[in-house]
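Reviewing the structure listed below.
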Amino acid sequence: MRFLVRDRLLGFGDDYWIEDDRGNKVYLVDGKAMRLRDTFELKDTQGRVLIDIHQKMFALRDTMVIERNGDLLARIKRKRLSLLRNHYRVSLIDGTDLDVSGKILDREFAVEYDGELLAVISRRFLHIRDTYGVDVVRDDADPALLIAVAVCVIHLAEKEREAD
C-alpha cells in the first residue's frame with residue numbers, strides 16, 4: 001500500500017494531505033502552531049483524530065511521542081549517529097522496538113521490526129516535486145502508525161539540522 005506525502009514547504013504549523021496511490025485523500029497532517037511543544041494530529045478524511053504526535057517536554061534528547069485516543073502508543077528518539085545514515089528507535093508501549101534508518105533528510109529510509117521491513121519511505125520513483133512515498137510493505141502493519149513515525153523522524157531530523 002503506497003501513500004504520497006507532499007513535503008511541507010512553509011514549515012511547522014502547516015496542514016497537508018496524504019493521498020493513496022490513486023490520488024484519494026486519506027489522512028490530514030494537522031500541524032498545531034502556537035504551542036509550547038511541536039504538535040501534529042493525523043486525521044482521517046472526516047476530521048477525526050487518529051493519532052496525536054507531540055514533542056516530549058523535559059527530555060534530555062529530542063523525543064516525539066505518539067498517542068492514540070489519549071493513550072501512549074510510542075516514543076521516538078535518535079538512536080545513534082553515523083556519517084551517512086540517521087537511526088531512530090521507536091519504542092512501542094508493548095515493549096517492542098522499531099528501527100528507522102536511512103537518509104532521513106533525503107526522504108530515503110526504512111522502518112523495520114526485528115530485521116523485517118515494514119515500510120519504505122522514498123522519493124526515488126516519484127516524479128511529483130516535493131513529494132515522497134510511504135510504502136507499507138506488510139499487510140498487517142498499521143499504516144497510520146507508520147506514517148506518524150515518518151512524520152516524527154523527519155521533523156526530528158529537520159530540527160537537528162536547524163540546530164547545527
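Simple scheme: letters A, B, ... for chains in C-alpha cells order, numbers from 1 for residues in each chain, numbers from 1 for ligands in the order shown.
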
Residue neighbourhood Val5 of chain A, 12 Å, only C-alpha atoms, exclusion window fewer than 6 positions, as an mmCIF file with N, CA and C atoms, in the first residue's frame:
data_model
loop_
_atom_site.group_PDB
_atom_site.id
_atom_site.type_symbol
_atom_site.label_atom_id
_atom_site.label_comp_id
_atom_site.auth_asym_id
_atom_site.auth_seq_id
_atom_site.Cartn_x
_atom_site.Cartn_y
_atom_site.Cartn_z
ATOM 1 N N ASP A 15 -0.747 22.475 7.395
ATOM 2 C CA ASP A 15 -1.501 21.251 7.233
ATOM 3 C C ASP A 15 -1.208 20.707 5.850
ATOM 4 N N TYR A 16 -1.211 19.387 5.717
ATOM 5 C CA TYR A 16 -1.013 18.806 4.398
ATOM 6 C C TYR A 16 -1.689 17.440 4.339
ATOM 7 N N TRP A 17 -2.167 17.113 3.151
ATOM 8 C CA TRP A 17 -2.876 15.863 2.924
ATOM 9 C C TRP A 17 -1.916 14.757 2.515
ATOM 10 N N ILE A 18 -2.251 13.558 2.917
ATOM 11 C CA ILE A 18 -1.564 12.355 2.469
ATOM 12 C C ILE A 18 -2.568 11.602 1.608
ATOM 13 N N GLU A 19 -2.132 11.238 0.407
ATOM 14 C CA GLU A 19 -3.020 10.587 -0.552
ATOM 15 C C GLU A 19 -2.603 9.139 -0.765
ATOM 16 N N ASP A 20 -3.547 8.327 -1.215
ATOM 17 C CA ASP A 20 -3.181 6.974 -1.613
ATOM 18 C C ASP A 20 -2.610 7.023 -3.031
ATOM 19 N N ASP A 21 -2.222 5.884 -3.568
ATOM 20 C CA ASP A 21 -1.568 5.878 -4.879
ATOM 21 C C ASP A 21 -2.521 6.179 -6.038
ATOM 22 N N GLY A 23 -4.519 8.896 -5.760
ATOM 23 C CA GLY A 23 -4.778 10.327 -5.625
ATOM 24 C C GLY A 23 -5.911 10.682 -4.681
ATOM 25 N N ASN A 24 -6.447 9.710 -3.966
ATOM 26 C CA ASN A 24 -7.518 9.976 -2.997
ATOM 27 C C ASN A 24 -6.915 10.444 -1.679
ATOM 28 N N LYS A 25 -7.491 11.486 -1.098
ATOM 29 C CA LYS A 25 -7.038 11.949 0.207
ATOM 30 C C LYS A 25 -7.406 10.907 1.254
ATOM 31 N N VAL A 26 -6.410 10.559 2.094
ATOM 32 C CA VAL A 26 -6.609 9.523 3.097
ATOM 33 C C VAL A 26 -6.422 10.073 4.506
ATOM 34 N N TYR A 27 -5.343 10.816 4.717
ATOM 35 C CA TYR A 27 -5.022 11.377 6.030
ATOM 36 C C TYR A 27 -4.674 12.855 5.891
ATOM 37 N N LEU A 28 -4.967 13.612 6.928
ATOM 38 C CA LEU A 28 -4.554 15.006 7.019
ATOM 39 C C LEU A 28 -3.573 15.121 8.179
ATOM 40 N N VAL A 29 -2.408 15.691 7.915
ATOM 41 C CA VAL A 29 -1.474 16.014 8.988
ATOM 42 C C VAL A 29 -1.734 17.469 9.344
ATOM 43 N N ARG A 107 14.682 11.828 2.465
ATOM 44 C CA ARG A 107 13.443 11.034 2.359
ATOM 45 C C ARG A 107 13.716 9.678 1.718
ATOM 46 N N ILE A 121 10.260 4.545 2.897
ATOM 47 C CA ILE A 121 9.939 5.938 2.604
ATOM 48 C C ILE A 121 10.945 6.392 1.559
ATOM 49 N N SER A 122 10.437 6.884 0.419
ATOM 50 C CA SER A 122 11.342 7.190 -0.684
ATOM 51 C C SER A 122 10.743 8.199 -1.649
ATOM 52 N N ARG A 123 11.638 8.966 -2.265
ATOM 53 C CA ARG A 123 11.288 9.856 -3.377
ATOM 54 C C ARG A 123 11.702 9.245 -4.708
ATOM 55 N N LEU A 126 9.191 8.675 -7.678
ATOM 56 C CA LEU A 126 8.121 9.656 -7.851
ATOM 57 C C LEU A 126 8.591 10.797 -8.739
ATOM 58 N N ILE A 128 6.674 13.607 -8.930
ATOM 59 C CA ILE A 128 6.000 14.782 -8.411
ATOM 60 C C ILE A 128 6.967 15.518 -7.494
ATOM 61 N N ARG A 129 7.172 16.774 -7.749
ATOM 62 C CA ARG A 129 8.135 17.563 -6.985
ATOM 63 C C ARG A 129 7.705 17.681 -5.528
ATOM 64 N N ASP A 130 8.658 17.657 -4.624
ATOM 65 C CA ASP A 130 8.439 17.831 -3.189
ATOM 66 C C ASP A 130 7.459 16.815 -2.613
ATOM 67 N N THR A 131 7.515 15.592 -3.100
ATOM 68 C CA THR A 131 6.643 14.522 -2.622
ATOM 69 C C THR A 131 7.489 13.285 -2.347
ATOM 70 N N TYR A 132 7.122 12.567 -1.308
ATOM 71 C CA TYR A 132 7.771 11.282 -1.060
ATOM 72 C C TYR A 132 6.695 10.235 -0.821
ATOM 73 N N GLY A 133 7.064 8.992 -1.048
ATOM 74 C CA GLY A 133 6.129 7.893 -0.868
ATOM 75 C C GLY A 133 6.400 7.147 0.417
ATOM 76 N N VAL A 134 5.327 6.671 1.026
ATOM 77 C CA VAL A 134 5.424 5.772 2.168
ATOM 78 C C VAL A 134 4.799 4.462 1.704
ATOM 79 N N ASP A 135 5.652 3.479 1.442
ATOM 80 C CA ASP A 135 5.185 2.166 1.009
ATOM 81 C C ASP A 135 5.107 1.247 2.222
ATOM 82 N N ILE A 147 2.980 6.087 9.090
ATOM 83 C CA ILE A 147 3.006 7.462 8.582
ATOM 84 C C ILE A 147 3.378 8.420 9.706
ATOM 85 N N ALA A 148 2.823 8.214 10.894
ATOM 86 C CA ALA A 148 3.172 9.049 12.046
ATOM 87 C C ALA A 148 4.655 8.932 12.373
ATOM 88 N N ALA A 150 7.062 8.267 10.220
ATOM 89 C CA ALA A 150 7.776 9.023 9.181
ATOM 90 C C ALA A 150 7.711 10.521 9.462
ATOM 91 N N VAL A 151 6.540 11.029 9.827
ATOM 92 C CA VAL A 151 6.389 12.460 10.150
ATOM 93 C C VAL A 151 7.306 12.829 11.310
ATOM 94 N N ILE A 154 11.243 12.680 10.388
ATOM 95 C CA ILE A 154 11.580 13.802 9.501
ATOM 96 C C ILE A 154 11.594 15.104 10.292
#

Contact residues around Phe40 of chain A with only C-alpha atoms at 8 Å, ignoring same-chain residues under 4 positions, as a VMD selection string: chain A and resid 29 to 32 52 to 54

Selection above as a file: all heavy atoms, as a PDB file, in the first residue's frame:
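Result file selection_10.pdb:
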ATOM      1  N   VAL A  29      -2.408  15.691   7.915  1.00  0.00           N
ATOM      2  CA  VAL A  29      -1.474  16.014   8.988  1.00  0.00           C
ATOM      3  C   VAL A  29      -1.734  17.469   9.344  1.00  0.00           C
ATOM      4  O   VAL A  29      -1.534  18.373   8.536  1.00  0.00           O
ATOM      5  CB  VAL A  29      -0.001  15.812   8.565  1.00  0.00           C
ATOM      6  CG1 VAL A  29       0.938  16.225   9.697  1.00  0.00           C
ATOM      7  CG2 VAL A  29       0.244  14.357   8.181  1.00  0.00           C
ATOM      8  N   ASP A  30      -2.230  17.662  10.549  1.00  0.00           N
ATOM      9  CA  ASP A  30      -2.618  18.981  11.029  1.00  0.00           C
ATOM     10  C   ASP A  30      -1.546  19.467  11.999  1.00  0.00           C
ATOM     11  O   ASP A  30      -1.456  18.977  13.125  1.00  0.00           O
ATOM     12  CB  ASP A  30      -3.985  18.873  11.714  1.00  0.00           C
ATOM     13  CG  ASP A  30      -4.551  20.204  12.157  1.00  0.00           C
ATOM     14  OD1 ASP A  30      -3.892  21.245  11.965  1.00  0.00           O
ATOM     15  OD2 ASP A  30      -5.669  20.202  12.715  1.00  0.00           O
ATOM     16  N   GLY A  31      -0.715  20.406  11.543  1.00  0.00           N
ATOM     17  CA  GLY A  31       0.333  20.968  12.390  1.00  0.00           C
ATOM     18  C   GLY A  31      -0.248  22.043  13.274  1.00  0.00           C
ATOM     19  O   GLY A  31      -0.934  22.941  12.807  1.00  0.00           O
ATOM     20  N   LYS A  32      -0.012  21.931  14.554  1.00  0.00           N
ATOM     21  CA  LYS A  32      -0.566  22.877  15.522  1.00  0.00           C
ATOM     22  C   LYS A  32       0.487  23.922  15.875  1.00  0.00           C
ATOM     23  O   LYS A  32       1.431  23.646  16.598  1.00  0.00           O
ATOM     24  CB  LYS A  32      -1.023  22.145  16.789  1.00  0.00           C
ATOM     25  CG  LYS A  32      -2.083  21.106  16.535  1.00  0.00           C
ATOM     26  CD  LYS A  32      -3.344  21.754  16.038  1.00  0.00           C
ATOM     27  CE  LYS A  32      -4.437  20.735  15.858  1.00  0.00           C
ATOM     28  NZ  LYS A  32      -5.654  21.346  15.360  1.00  0.00           N
ATOM     29  N   ASP A  52      -2.195  11.394  17.710  1.00  0.00           N
ATOM     30  CA  ASP A  52      -1.672  12.676  18.192  1.00  0.00           C
ATOM     31  C   ASP A  52      -0.164  12.528  18.323  1.00  0.00           C
ATOM     32  O   ASP A  52       0.321  11.542  18.901  1.00  0.00           O
ATOM     33  CB  ASP A  52      -2.301  13.021  19.546  1.00  0.00           C
ATOM     34  CG  ASP A  52      -1.796  14.332  20.096  1.00  0.00           C
ATOM     35  OD1 ASP A  52      -1.859  15.348  19.383  1.00  0.00           O
ATOM     36  OD2 ASP A  52      -1.304  14.340  21.247  1.00  0.00           O
ATOM     37  N   ILE A  53       0.574  13.477  17.779  1.00  0.00           N
ATOM     38  CA  ILE A  53       2.038  13.442  17.790  1.00  0.00           C
ATOM     39  C   ILE A  53       2.519  14.727  18.448  1.00  0.00           C
ATOM     40  O   ILE A  53       2.113  15.815  18.037  1.00  0.00           O
ATOM     41  CB  ILE A  53       2.597  13.380  16.352  1.00  0.00           C
ATOM     42  CG1 ILE A  53       1.989  12.214  15.576  1.00  0.00           C
ATOM     43  CG2 ILE A  53       4.118  13.330  16.366  1.00  0.00           C
ATOM     44  CD1 ILE A  53       2.202  12.308  14.077  1.00  0.00           C
ATOM     45  N   HIS A  54       3.350  14.603  19.461  1.00  0.00           N
ATOM     46  CA  HIS A  54       3.898  15.813  20.074  1.00  0.00           C
ATOM     47  C   HIS A  54       5.289  15.566  20.645  1.00  0.00           C
ATOM     48  O   HIS A  54       5.688  14.435  20.885  1.00  0.00           O
ATOM     49  CB  HIS A  54       2.957  16.384  21.143  1.00  0.00           C
ATOM     50  CG  HIS A  54       2.670  15.443  22.261  1.00  0.00           C
ATOM     51  ND1 HIS A  54       1.600  14.586  22.255  1.00  0.00           N
ATOM     52  CD2 HIS A  54       3.318  15.205  23.425  1.00  0.00           C
ATOM     53  CE1 HIS A  54       1.593  13.884  23.362  1.00  0.00           C
ATOM     54  NE2 HIS A  54       2.627  14.229  24.087  1.00  0.00           N
TER      55      HIS A  54
END

Do a neighbour search on Leu146 of chain A at 9 Å with only C-alpha atoms, toss out local chain neighbours closer than 3 positions, and write the hits as a ChimeraX atom specification. /A:111,118-119,134,136,141-143,149-151

Could you dump the residues just selected with all heavy atoms as a PDB file, in the first residue's frame?
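To be explicit, this is the file written out as selection35.pdb:
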ATOM      1  N   VAL A 111      11.613   1.519   7.747  1.00  0.00           N
ATOM      2  CA  VAL A 111      11.157   1.182   9.091  1.00  0.00           C
ATOM      3  C   VAL A 111      11.131  -0.340   9.172  1.00  0.00           C
ATOM      4  O   VAL A 111      10.507  -1.000   8.334  1.00  0.00           O
ATOM      5  CB  VAL A 111       9.748   1.754   9.372  1.00  0.00           C
ATOM      6  CG1 VAL A 111       9.306   1.396  10.793  1.00  0.00           C
ATOM      7  CG2 VAL A 111       9.704   3.253   9.147  1.00  0.00           C
ATOM      8  N   LEU A 118       8.997  -3.146   7.325  1.00  0.00           N
ATOM      9  CA  LEU A 118       7.586  -2.776   7.473  1.00  0.00           C
ATOM     10  C   LEU A 118       7.177  -1.721   6.454  1.00  0.00           C
ATOM     11  O   LEU A 118       6.073  -1.766   5.921  1.00  0.00           O
ATOM     12  CB  LEU A 118       7.307  -2.240   8.882  1.00  0.00           C
ATOM     13  CG  LEU A 118       7.501  -3.191  10.038  1.00  0.00           C
ATOM     14  CD1 LEU A 118       7.217  -2.483  11.351  1.00  0.00           C
ATOM     15  CD2 LEU A 118       6.627  -4.417   9.888  1.00  0.00           C
ATOM     16  N   ALA A 119       8.056  -0.730   6.234  1.00  0.00           N
ATOM     17  CA  ALA A 119       7.730   0.366   5.323  1.00  0.00           C
ATOM     18  C   ALA A 119       9.007   0.956   4.741  1.00  0.00           C
ATOM     19  O   ALA A 119      10.053   0.956   5.388  1.00  0.00           O
ATOM     20  CB  ALA A 119       6.938   1.456   6.039  1.00  0.00           C
ATOM     21  N   VAL A 134       5.327   6.671   1.026  1.00  0.00           N
ATOM     22  CA  VAL A 134       5.424   5.772   2.168  1.00  0.00           C
ATOM     23  C   VAL A 134       4.799   4.462   1.704  1.00  0.00           C
ATOM     24  O   VAL A 134       3.589   4.366   1.542  1.00  0.00           O
ATOM     25  CB  VAL A 134       4.678   6.315   3.404  1.00  0.00           C
ATOM     26  CG1 VAL A 134       4.733   5.318   4.551  1.00  0.00           C
ATOM     27  CG2 VAL A 134       5.245   7.665   3.833  1.00  0.00           C
ATOM     28  N   VAL A 136       3.894   0.900   2.604  1.00  0.00           N
ATOM     29  CA  VAL A 136       3.686  -0.034   3.709  1.00  0.00           C
ATOM     30  C   VAL A 136       3.770  -1.430   3.113  1.00  0.00           C
ATOM     31  O   VAL A 136       2.931  -1.815   2.301  1.00  0.00           O
ATOM     32  CB  VAL A 136       2.333   0.212   4.402  1.00  0.00           C
ATOM     33  CG1 VAL A 136       2.112  -0.796   5.515  1.00  0.00           C
ATOM     34  CG2 VAL A 136       2.272   1.647   4.938  1.00  0.00           C
ATOM     35  N   ALA A 141       0.498  -4.414   8.953  1.00  0.00           N
ATOM     36  CA  ALA A 141       1.076  -3.232   9.595  1.00  0.00           C
ATOM     37  C   ALA A 141       0.030  -2.120   9.693  1.00  0.00           C
ATOM     38  O   ALA A 141      -0.906  -2.058   8.903  1.00  0.00           O
ATOM     39  CB  ALA A 141       2.290  -2.747   8.818  1.00  0.00           C
ATOM     40  N   ASP A 142       0.196  -1.242  10.653  1.00  0.00           N
ATOM     41  CA  ASP A 142      -0.710  -0.124  10.888  1.00  0.00           C
ATOM     42  C   ASP A 142      -0.232   1.076  10.061  1.00  0.00           C
ATOM     43  O   ASP A 142       0.745   1.727  10.425  1.00  0.00           O
ATOM     44  CB  ASP A 142      -0.695   0.214  12.385  1.00  0.00           C
ATOM     45  CG  ASP A 142      -1.622   1.346  12.772  1.00  0.00           C
ATOM     46  OD1 ASP A 142      -2.141   2.041  11.885  1.00  0.00           O
ATOM     47  OD2 ASP A 142      -1.814   1.536  13.989  1.00  0.00           O
ATOM     48  N   PRO A 143      -0.897   1.396   8.930  1.00  0.00           N
ATOM     49  CA  PRO A 143      -0.417   2.485   8.073  1.00  0.00           C
ATOM     50  C   PRO A 143      -0.385   3.833   8.787  1.00  0.00           C
ATOM     51  O   PRO A 143       0.550   4.606   8.600  1.00  0.00           O
ATOM     52  CB  PRO A 143      -1.396   2.516   6.909  1.00  0.00           C
ATOM     53  CG  PRO A 143      -2.280   1.354   7.039  1.00  0.00           C
ATOM     54  CD  PRO A 143      -2.073   0.750   8.377  1.00  0.00           C
ATOM     55  N   VAL A 149       5.211   7.731  12.285  1.00  0.00           N
ATOM     56  CA  VAL A 149       6.645   7.536  12.518  1.00  0.00           C
ATOM     57  C   VAL A 149       7.455   8.329  11.496  1.00  0.00           C
ATOM     58  O   VAL A 149       8.424   9.011  11.844  1.00  0.00           O
ATOM     59  CB  VAL A 149       7.007   6.033  12.477  1.00  0.00           C
ATOM     60  CG1 VAL A 149       8.508   5.825  12.370  1.00  0.00           C
ATOM     61  CG2 VAL A 149       6.452   5.321  13.696  1.00  0.00           C
ATOM     62  N   ALA A 150       7.062   8.267  10.220  1.00  0.00           N
ATOM     63  CA  ALA A 150       7.776   9.023   9.181  1.00  0.00           C
ATOM     64  C   ALA A 150       7.711  10.521   9.462  1.00  0.00           C
ATOM     65  O   ALA A 150       8.723  11.223   9.368  1.00  0.00           O
ATOM     66  CB  ALA A 150       7.186   8.707   7.798  1.00  0.00           C
ATOM     67  N   VAL A 151       6.540  11.029   9.827  1.00  0.00           N
ATOM     68  CA  VAL A 151       6.389  12.460  10.150  1.00  0.00           C
ATOM     69  C   VAL A 151       7.306  12.829  11.310  1.00  0.00           C
ATOM     70  O   VAL A 151       7.992  13.859  11.271  1.00  0.00           O
ATOM     71  CB  VAL A 151       4.910  12.786  10.476  1.00  0.00           C
ATOM     72  CG1 VAL A 151       4.765  14.169  11.097  1.00  0.00           C
ATOM     73  CG2 VAL A 151       4.049  12.677   9.221  1.00  0.00           C
TER      74      VAL A 151
END

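Every protein, DNA or RNA residue with an atom at most 9 Å from Ile104 of chain A, where only C-alpha atoms count and chain neighbours fewer than 5 positions away do not, is listed here: Arg85, Asn86, His87, Phe109, Ile121, Ala150, Val153, Ile154, Ala157 and Glu158 of chain A.
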
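Residue nearest Leu4 of chain A within the list A:Gly95, A:Leu50, A:Arg22, A:Lys159: A:Arg22 [criterion: smallest interatomic distance, only C-alpha atoms].
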
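A straight line drawn from atom CA of Tyr88 of chain A to atom CA of Val100 of chain A is 5.0 Å long.
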
Distance criterion (only C-alpha atoms): nearest to Arg161 of chain A out of A:Leu105, A:Val65, A:Leu145, A:Val49: A:Leu105

Give me, as a tab-separated table (two decimals) with N, CA, C and O atoms, in the first residue's frame, all polymer residues having an atom no more than 8 Å from Asp97 of chain A, counting only C-alpha atoms and skipping those fewer than 5 positions away in the same chain.
chain	number	residue	atom	x	y	z
A	89	ARG	N	15.01	5.12	17.06
A	89	ARG	CA	14.35	3.99	17.70
A	89	ARG	C	12.93	4.41	18.04
A	89	ARG	O	12.71	5.45	18.65
A	90	VAL	N	11.99	3.56	17.65
A	90	VAL	CA	10.58	3.74	18.00
A	90	VAL	C	10.27	2.69	19.05
A	90	VAL	O	10.24	1.50	18.75
A	91	SER	N	10.06	3.14	20.28
A	91	SER	CA	9.75	2.22	21.38
A	91	SER	C	8.24	2.17	21.55
A	91	SER	O	7.64	3.15	22.00
A	92	LEU	N	7.65	1.05	21.17
A	92	LEU	CA	6.20	0.88	21.30
A	92	LEU	C	5.85	0.55	22.74
A	92	LEU	O	6.66	-0.03	23.48
A	113	TYR	N	11.09	-3.98	11.84
A	113	TYR	CA	10.86	-4.61	13.13
A	113	TYR	C	11.64	-5.92	13.14
A	113	TYR	O	11.38	-6.80	12.31
A	114	ASP	N	12.58	-6.04	14.03
A	114	ASP	CA	13.36	-7.26	14.20
A	114	ASP	C	13.95	-7.74	12.86
A	114	ASP	O	13.90	-8.92	12.53

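The spacing separating atom CA of Gly47 of chain A from atom CA of Glu67 of chain A amounts to 16.6 Å.
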
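For segment 31-152 of chain A, backbone-based DSSP assignment of alpha helix (DSSP H) covers Pro143, Ala144, Leu145, Leu146, Ile147, Ala148, Val149, Ala150, Val151 and Cys152 of chain A.
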
For the residues in the current selection, export C-alpha atoms as an mmCIF file, in the first residue's frame.
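Once everything was written out, this is selection_11.cif:
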data_model
loop_
_atom_site.group_PDB
_atom_site.id
_atom_site.type_symbol
_atom_site.label_atom_id
_atom_site.label_comp_id
_atom_site.auth_asym_id
_atom_site.auth_seq_id
_atom_site.Cartn_x
_atom_site.Cartn_y
_atom_site.Cartn_z
ATOM 1 C CA PRO A 143 -0.417 2.485 8.073
ATOM 2 C CA ALA A 144 -1.397 5.402 10.329
ATOM 3 C CA LEU A 145 1.316 4.487 12.836
ATOM 4 C CA LEU A 146 3.967 4.117 10.121
ATOM 5 C CA ILE A 147 3.006 7.462 8.582
ATOM 6 C CA ALA A 148 3.172 9.049 12.046
ATOM 7 C CA VAL A 149 6.645 7.536 12.518
ATOM 8 C CA ALA A 150 7.776 9.023 9.181
ATOM 9 C CA VAL A 151 6.389 12.460 10.150
ATOM 10 C CA CYS A 152 8.186 12.268 13.519
#

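Closest approach to Asp62 of chain A among A:Asp38, A:Asp106, A:Met1, A:Arg48: A:Asp38, based on only C-alpha atoms.
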
Report as a VMD selection string: the residues of segment 66-137 of chain A with a DSSP assignment of strand (DSSP E or B), based on the backbone of this structure. chain A and resid 66 to 68 71 to 81 86 to 92 97 to 103 108 to 113 116 to 122 131 to 136
